[in-house]
file start.cif (mmCIF, C-alpha atoms; chains and numbers go by the auth columns)
data_final
loop_
_atom_site.group_PDB
_atom_site.id
_atom_site.type_symbol
_atom_site.label_atom_id
_atom_site.label_comp_id
_atom_site.label_asym_id
_atom_site.label_seq_id
_atom_site.Cartn_x
_atom_site.Cartn_y
_atom_site.Cartn_z
_atom_site.B_iso_or_equiv
_atom_site.auth_seq_id
_atom_site.auth_asym_id
ATOM 1 C CA PHE A 1 12.229 -8.468 -12.014 0.00 1234 A
ATOM 2 C CA GLU A 2 12.283 -8.237 -15.806 0.00 1235 A
ATOM 3 C CA GLU A 3 10.930 -11.777 -16.173 0.00 1236 A
ATOM 4 C CA ALA A 4 8.244 -11.493 -13.495 0.00 1237 A
ATOM 5 C CA GLU A 5 4.803 -12.489 -14.625 0.00 1238 A
ATOM 6 C CA GLY A 6 1.503 -13.434 -13.103 0.00 1239 A
ATOM 7 C CA MET A 7 -1.391 -11.850 -11.298 0.00 1240 A
ATOM 8 C CA ALA A 8 -1.807 -10.029 -7.992 0.00 1241 A
ATOM 9 C CA ILE A 9 -5.030 -8.890 -6.343 0.00 1242 A
ATOM 10 C CA LEU A 10 -4.721 -6.460 -3.449 0.00 1243 A
ATOM 11 C CA ALA A 11 -8.133 -6.019 -1.812 0.00 1244 A
ATOM 12 C CA SER A 12 -9.094 -3.425 0.774 0.00 1245 A
ATOM 13 C CA CYS A 13 -10.333 -5.873 3.419 0.00 1246 A
ATOM 14 C CA LYS A 14 -11.086 -9.470 4.308 0.00 1247 A
ATOM 15 C CA GLN A 15 -14.420 -11.056 3.466 0.00 1248 A
ATOM 16 C CA GLY A 16 -17.002 -9.986 6.046 0.00 1249 A
ATOM 17 C CA GLN A 17 -15.144 -6.780 6.971 0.00 1250 A
ATOM 18 C CA LEU A 18 -16.015 -3.213 6.012 0.00 1251 A
ATOM 19 C CA SER A 19 -13.744 -0.950 3.995 0.00 1252 A
ATOM 20 C CA TYR A 20 -13.678 2.498 5.606 0.00 1253 A
ATOM 21 C CA GLU A 21 -13.450 6.057 4.313 0.00 1254 A
ATOM 22 C CA TRP A 22 -10.996 8.509 5.845 0.00 1255 A
ATOM 23 C CA ARG A 23 -13.326 11.249 7.035 0.00 1256 A
ATOM 24 C CA GLU A 24 -10.948 13.353 9.126 0.00 1257 A
ATOM 25 C CA PRO A 25 -9.747 16.575 7.473 0.00 1258 A
ATOM 26 C CA GLY A 26 -6.330 16.634 5.881 0.00 1259 A
ATOM 27 C CA PRO A 27 -4.580 16.456 2.518 0.00 1260 A
ATOM 28 C CA GLY A 28 -5.646 13.444 0.479 0.00 1261 A
ATOM 29 C CA LYS A 29 -7.918 12.067 3.183 0.00 1262 A
ATOM 30 C CA GLY A 30 -11.274 12.426 1.384 0.00 1263 A
ATOM 31 C CA ARG A 31 -11.105 8.854 0.070 0.00 1264 A
ATOM 32 C CA SER A 32 -10.974 5.317 1.379 0.00 1265 A
ATOM 33 C CA VAL A 33 -8.233 4.473 3.870 0.00 1266 A
ATOM 34 C CA PHE A 34 -7.048 1.703 1.531 0.00 1267 A
ATOM 35 C CA THR A 35 -6.804 4.104 -1.437 0.00 1268 A
ATOM 36 C CA TYR A 36 -4.960 6.680 0.654 0.00 1269 A
ATOM 37 C CA PHE A 37 -2.210 4.200 1.606 0.00 1270 A
ATOM 38 C CA LEU A 38 -2.084 2.636 -1.879 0.00 1271 A
ATOM 39 C CA LEU A 39 -1.504 6.030 -3.499 0.00 1272 A
ATOM 40 C CA GLU A 40 1.099 6.825 -0.850 0.00 1273 A
ATOM 41 C CA ALA A 41 2.831 3.510 -1.648 0.00 1274 A
ATOM 42 C CA LEU A 42 2.900 4.338 -5.355 0.00 1275 A
ATOM 43 C CA THR A 43 4.690 7.646 -4.731 0.00 1276 A
ATOM 44 C CA GLY A 44 7.644 5.681 -3.342 0.00 1277 A
ATOM 45 C CA ALA A 45 6.761 5.546 0.365 0.00 1278 A
ATOM 46 C CA ALA A 46 6.620 1.735 0.128 0.00 1279 A
ATOM 47 C CA ASP A 47 10.214 1.483 -1.117 0.00 1280 A
ATOM 48 C CA ARG A 48 11.902 0.936 2.242 0.00 1281 A
ATOM 49 C CA ASP A 49 15.084 -0.354 0.589 0.00 1282 A
ATOM 50 C CA GLU A 50 15.454 2.786 -1.602 0.00 1283 A
ATOM 51 C CA LYS A 51 15.792 0.756 -4.788 0.00 1284 A
ATOM 52 C CA GLY A 52 13.926 3.302 -6.972 0.00 1285 A
ATOM 53 C CA PHE A 53 10.852 1.167 -7.607 0.00 1286 A
ATOM 54 C CA VAL A 54 7.869 -0.292 -5.759 0.00 1287 A
ATOM 55 C CA THR A 55 6.911 -3.954 -6.114 0.00 1288 A
ATOM 56 C CA VAL A 56 3.583 -5.624 -5.399 0.00 1289 A
ATOM 57 C CA GLN A 57 5.036 -6.982 -2.156 0.00 1290 A
ATOM 58 C CA ASP A 58 6.285 -3.514 -1.127 0.00 1291 A
ATOM 59 C CA ALA A 59 2.874 -1.958 -1.793 0.00 1292 A
ATOM 60 C CA SER A 60 1.024 -4.732 0.005 0.00 1293 A
ATOM 61 C CA ARG A 61 3.199 -4.405 3.104 0.00 1294 A
ATOM 62 C CA HIS A 62 2.836 -0.600 3.157 0.00 1295 A
ATOM 63 C CA VAL A 63 -0.933 -0.636 2.617 0.00 1296 A
ATOM 64 C CA THR A 64 -1.576 -3.437 5.107 0.00 1297 A
ATOM 65 C CA ASN A 65 0.518 -1.821 7.833 0.00 1298 A
ATOM 66 C CA GLY A 66 -1.063 1.600 7.291 0.00 1299 A
ATOM 67 C CA VAL A 67 -4.661 0.380 7.157 0.00 1300 A
ATOM 68 C CA LYS A 68 -4.309 -1.941 10.145 0.00 1301 A
ATOM 69 C CA LEU A 69 -2.723 0.820 12.244 0.00 1302 A
ATOM 70 C CA TRP A 70 -5.452 3.291 11.204 0.00 1303 A
ATOM 71 C CA ALA A 71 -8.162 0.767 12.098 0.00 1304 A
ATOM 72 C CA SER A 72 -6.627 -0.165 15.457 0.00 1305 A
ATOM 73 C CA GLN A 73 -6.425 3.519 16.434 0.00 1306 A
ATOM 74 C CA ARG A 74 -10.188 3.703 15.882 0.00 1307 A
ATOM 75 C CA ASN A 75 -11.048 0.419 17.646 0.00 1308 A
ATOM 76 C CA THR A 76 -12.181 -1.243 14.450 0.00 1309 A
ATOM 77 C CA SER A 77 -10.810 -3.871 12.107 0.00 1310 A
ATOM 78 C CA GLN A 78 -9.841 -3.699 8.439 0.00 1311 A
ATOM 79 C CA THR A 79 -7.201 -6.015 7.012 0.00 1312 A
ATOM 80 C CA PRO A 80 -6.187 -5.719 3.333 0.00 1313 A
ATOM 81 C CA THR A 81 -5.515 -9.023 1.576 0.00 1314 A
ATOM 82 C CA LEU A 82 -3.151 -10.060 -1.187 0.00 1315 A
ATOM 83 C CA GLN A 83 -3.741 -12.938 -3.592 0.00 1316 A
ATOM 84 C CA TYR A 84 -0.498 -13.427 -5.440 0.00 1317 A
ATOM 85 C CA THR A 85 0.237 -15.964 -8.172 0.00 1318 A
ATOM 86 C CA VAL A 86 3.436 -14.921 -9.896 0.00 1319 A
ATOM 87 C CA ALA A 87 6.905 -15.934 -10.931 0.00 1320 A
ATOM 88 C CA GLY A 88 9.233 -13.254 -9.538 0.00 1321 A
ATOM 89 C CA ASP A 89 8.160 -9.936 -8.081 0.00 1322 A
ATOM 90 C CA ILE A 90 6.177 -7.521 -10.224 0.00 1323 A
ATOM 91 C CA ILE A 91 7.290 -3.880 -10.272 0.00 1324 A
ATOM 92 C CA LEU A 92 4.317 -1.521 -10.015 0.00 1325 A
ATOM 93 C CA ILE A 93 6.156 1.750 -10.503 0.00 1326 A
ATOM 94 C CA ASN A 94 9.608 3.205 -11.039 0.00 1327 A
ATOM 95 C CA TYR A 95 10.045 6.632 -9.508 0.00 1328 A
ATOM 96 C CA GLU A 96 12.795 9.162 -9.080 0.00 1329 A
ATOM 97 C CA GLN A 97 14.240 9.362 -5.616 0.00 1330 A
ATOM 98 C CA PRO A 98 14.670 12.877 -4.263 0.00 1331 A
ATOM 99 C CA GLU A 99 18.261 14.024 -4.346 0.00 1332 A
ATOM 100 C CA SER A 100 20.000 14.098 -1.003 0.00 1333 A
ATOM 101 C CA SER A 101 20.597 17.556 0.458 0.00 1334 A
ATOM 102 C CA THR A 102 23.781 16.462 2.202 0.00 1335 A
#
call {"tool": "encode", "arguments": {"input": "start.cif", "output": "structure tokens"}}
result
Amino acid sequence: FEEAEGMAILASCKQGQLSYEWREPGPGKGRSVFTYFLLEALTGAADRDEKGFVTVQDASRHVTNGVKLWASQRNTSQTPTLQYTVAGDIILINYEQPESST
């Protein structure tokens, strides 16, 4: 991870698709669906392996799954895309994992 370098572009939808706003009431839902899931990913929700950091691949998977599920539940289509030209996997954020209460 320390030697990763390159460029990644995570876009909210494919060419020809629309990027939707989350209009239902609720915490954090007054923004685009893509932004909602990206911010959620960057808080650690995308770290399924509990490694203490989120990579570009982790964020892309989390955002894509969330947006596609949201869109399918509303009978529409929005598919985030990732253009990725790197050596290694770029870490987007390190975060502190909550301590276990067990």
call {"tool": "resolve_selection", "arguments": {"input": "start.cif", "expression": "the PyMOL selection byres ((chain A and resi 1288) around 7)", "output": "PyMOL selection string"}}
result
chain A and resi 1286-1287+1289-1292+1322-1325
call {"tool": "atom_distance", "arguments": {"input": "start.cif", "atom1": "CA of Gly1239 in chain A", "atom2": "CA of Thr1318 in chain A"}}
result
5.7 Å
call {"tool": "resolve_selection", "arguments": {"input": "start.cif", "expression": "the PyMOL selection byres ((chain A and resi 1253-1270) around 12)", "output": "JSON, numbers by chain"}}
result
{"A": [1243, 1244, 1245, 1246, 1250, 1251, 1252, 1271, 1272, 1273, 1274, 1275, 1276, 1277, 1278, 1279, 1291, 1292, 1293, 1294, 1295, 1296, 1297, 1298, 1299, 1300, 1301, 1302, 1303, 1304, 1307, 1309, 1310, 1311, 1312, 1313, 1314]}
call {"tool": "axis_aligned_box", "arguments": {"input": "start.cif", "around": "range 1299-1309 of chain A", "padding_each_side": "8 Å", "output": "JSON"}}
result
{"center_x": -6.6, "center_y": 0.9, "center_z": 12.4, "size_x": 27.1, "size_y": 21.6, "size_z": 26.5}
call {"tool": "closest_residue", "arguments": {"input": "start.cif", "among": "A:Gly1321, A:Glu1329, A:Asp1282, A:Gln1316", "to": "Lys1247 in chain A", "atoms": "all atoms listed in the file"}}
result
A:Gln1316
call {"tool": "build_atoms", "arguments": {"input": "start.cif", "residues": "range 1280-1300 of chain A", "atoms": "N, CA, C and O atoms", "output": "mmCIF file, in the frame of the given file"}}
result
data_model
loop_
_atom_site.group_PDB
_atom_site.id
_atom_site.type_symbol
_atom_site.label_atom_id
_atom_site.label_comp_id
_atom_site.auth_asym_id
_atom_site.auth_seq_id
_atom_site.Cartn_x
_atom_site.Cartn_y
_atom_site.Cartn_z
ATOM 1 N N ASP A 1280 8.863 1.952 -0.765
ATOM 2 C CA ASP A 1280 10.214 1.483 -1.117
ATOM 3 C C ASP A 1280 11.154 1.685 0.058
ATOM 4 O O ASP A 1280 11.952 2.612 0.093
ATOM 5 N N ARG A 1281 11.091 0.802 1.026
ATOM 6 C CA ARG A 1281 11.902 0.936 2.242
ATOM 7 C C ARG A 1281 13.379 0.672 1.989
ATOM 8 O O ARG A 1281 14.231 1.103 2.751
ATOM 9 N N ASP A 1282 13.686 -0.035 0.905
ATOM 10 C CA ASP A 1282 15.084 -0.354 0.589
ATOM 11 C C ASP A 1282 15.737 0.685 -0.328
ATOM 12 O O ASP A 1282 16.888 0.514 -0.726
ATOM 13 N N GLU A 1283 14.974 1.715 -0.719
ATOM 14 C CA GLU A 1283 15.454 2.786 -1.602
ATOM 15 C C GLU A 1283 16.061 2.252 -2.895
ATOM 16 O O GLU A 1283 17.139 2.638 -3.320
ATOM 17 N N LYS A 1284 15.326 1.348 -3.545
ATOM 18 C CA LYS A 1284 15.792 0.756 -4.788
ATOM 19 C C LYS A 1284 15.319 1.521 -6.021
ATOM 20 O O LYS A 1284 15.745 1.245 -7.121
ATOM 21 N N GLY A 1285 14.399 2.488 -5.850
ATOM 22 C CA GLY A 1285 13.926 3.302 -6.972
ATOM 23 C C GLY A 1285 12.675 2.765 -7.632
ATOM 24 O O GLY A 1285 12.231 3.280 -8.639
ATOM 25 N N PHE A 1286 12.099 1.713 -7.083
ATOM 26 C CA PHE A 1286 10.852 1.167 -7.607
ATOM 27 C C PHE A 1286 10.066 0.518 -6.472
ATOM 28 O O PHE A 1286 10.607 0.230 -5.417
ATOM 29 N N VAL A 1287 8.771 0.323 -6.735
ATOM 30 C CA VAL A 1287 7.869 -0.292 -5.759
ATOM 31 C C VAL A 1287 7.307 -1.571 -6.370
ATOM 32 O O VAL A 1287 6.765 -1.548 -7.477
ATOM 33 N N THR A 1288 7.449 -2.681 -5.653
ATOM 34 C CA THR A 1288 6.911 -3.954 -6.114
ATOM 35 C C THR A 1288 5.535 -4.200 -5.493
ATOM 36 O O THR A 1288 5.108 -3.483 -4.577
ATOM 37 N N VAL A 1289 4.865 -5.229 -5.972
ATOM 38 C CA VAL A 1289 3.583 -5.624 -5.399
ATOM 39 C C VAL A 1289 3.742 -5.926 -3.915
ATOM 40 O O VAL A 1289 2.931 -5.489 -3.086
ATOM 41 N N GLN A 1290 4.796 -6.647 -3.560
ATOM 42 C CA GLN A 1290 5.036 -6.982 -2.156
ATOM 43 C C GLN A 1290 5.270 -5.734 -1.309
ATOM 44 O O GLN A 1290 4.769 -5.630 -0.187
ATOM 45 N N ASP A 1291 6.043 -4.775 -1.842
ATOM 46 C CA ASP A 1291 6.285 -3.514 -1.127
ATOM 47 C C ASP A 1291 4.962 -2.793 -0.871
ATOM 48 O O ASP A 1291 4.694 -2.334 0.240
ATOM 49 N N ALA A 1292 4.148 -2.666 -1.914
ATOM 50 C CA ALA A 1292 2.874 -1.958 -1.793
ATOM 51 C C ALA A 1292 1.947 -2.661 -0.819
ATOM 52 O O ALA A 1292 1.299 -2.014 0.012
ATOM 53 N N SER A 1293 1.886 -3.971 -0.895
ATOM 54 C CA SER A 1293 1.024 -4.732 0.005
ATOM 55 C C SER A 1293 1.427 -4.524 1.458
ATOM 56 O O SER A 1293 0.575 -4.284 2.327
ATOM 57 N N ARG A 1294 2.705 -4.592 1.732
ATOM 58 C CA ARG A 1294 3.199 -4.405 3.104
ATOM 59 C C ARG A 1294 2.856 -2.999 3.608
ATOM 60 O O ARG A 1294 2.372 -2.821 4.723
ATOM 61 N N HIS A 1295 3.097 -1.986 2.769
ATOM 62 C CA HIS A 1295 2.836 -0.600 3.157
ATOM 63 C C HIS A 1295 1.346 -0.372 3.413
ATOM 64 O O HIS A 1295 0.966 0.208 4.438
ATOM 65 N N VAL A 1296 0.506 -0.825 2.494
ATOM 66 C CA VAL A 1296 -0.933 -0.636 2.617
ATOM 67 C C VAL A 1296 -1.478 -1.391 3.836
ATOM 68 O O VAL A 1296 -2.241 -0.841 4.634
ATOM 69 N N THR A 1297 -1.081 -2.629 3.989
ATOM 70 C CA THR A 1297 -1.576 -3.437 5.107
ATOM 71 C C THR A 1297 -1.184 -2.819 6.443
ATOM 72 O O THR A 1297 -2.023 -2.678 7.340
ATOM 73 N N ASN A 1298 0.078 -2.433 6.582
ATOM 74 C CA ASN A 1298 0.518 -1.821 7.833
ATOM 75 C C ASN A 1298 -0.229 -0.526 8.121
ATOM 76 O O ASN A 1298 -0.668 -0.291 9.246
ATOM 77 N N GLY A 1299 -0.379 0.322 7.107
ATOM 78 C CA GLY A 1299 -1.063 1.600 7.291
ATOM 79 C C GLY A 1299 -2.526 1.437 7.649
ATOM 80 O O GLY A 1299 -3.033 2.075 8.580
ATOM 81 N N VAL A 1300 -3.231 0.585 6.916
ATOM 82 C CA VAL A 1300 -4.661 0.380 7.157
ATOM 83 C C VAL A 1300 -4.898 -0.267 8.521
ATOM 84 O O VAL A 1300 -5.786 0.158 9.273
#
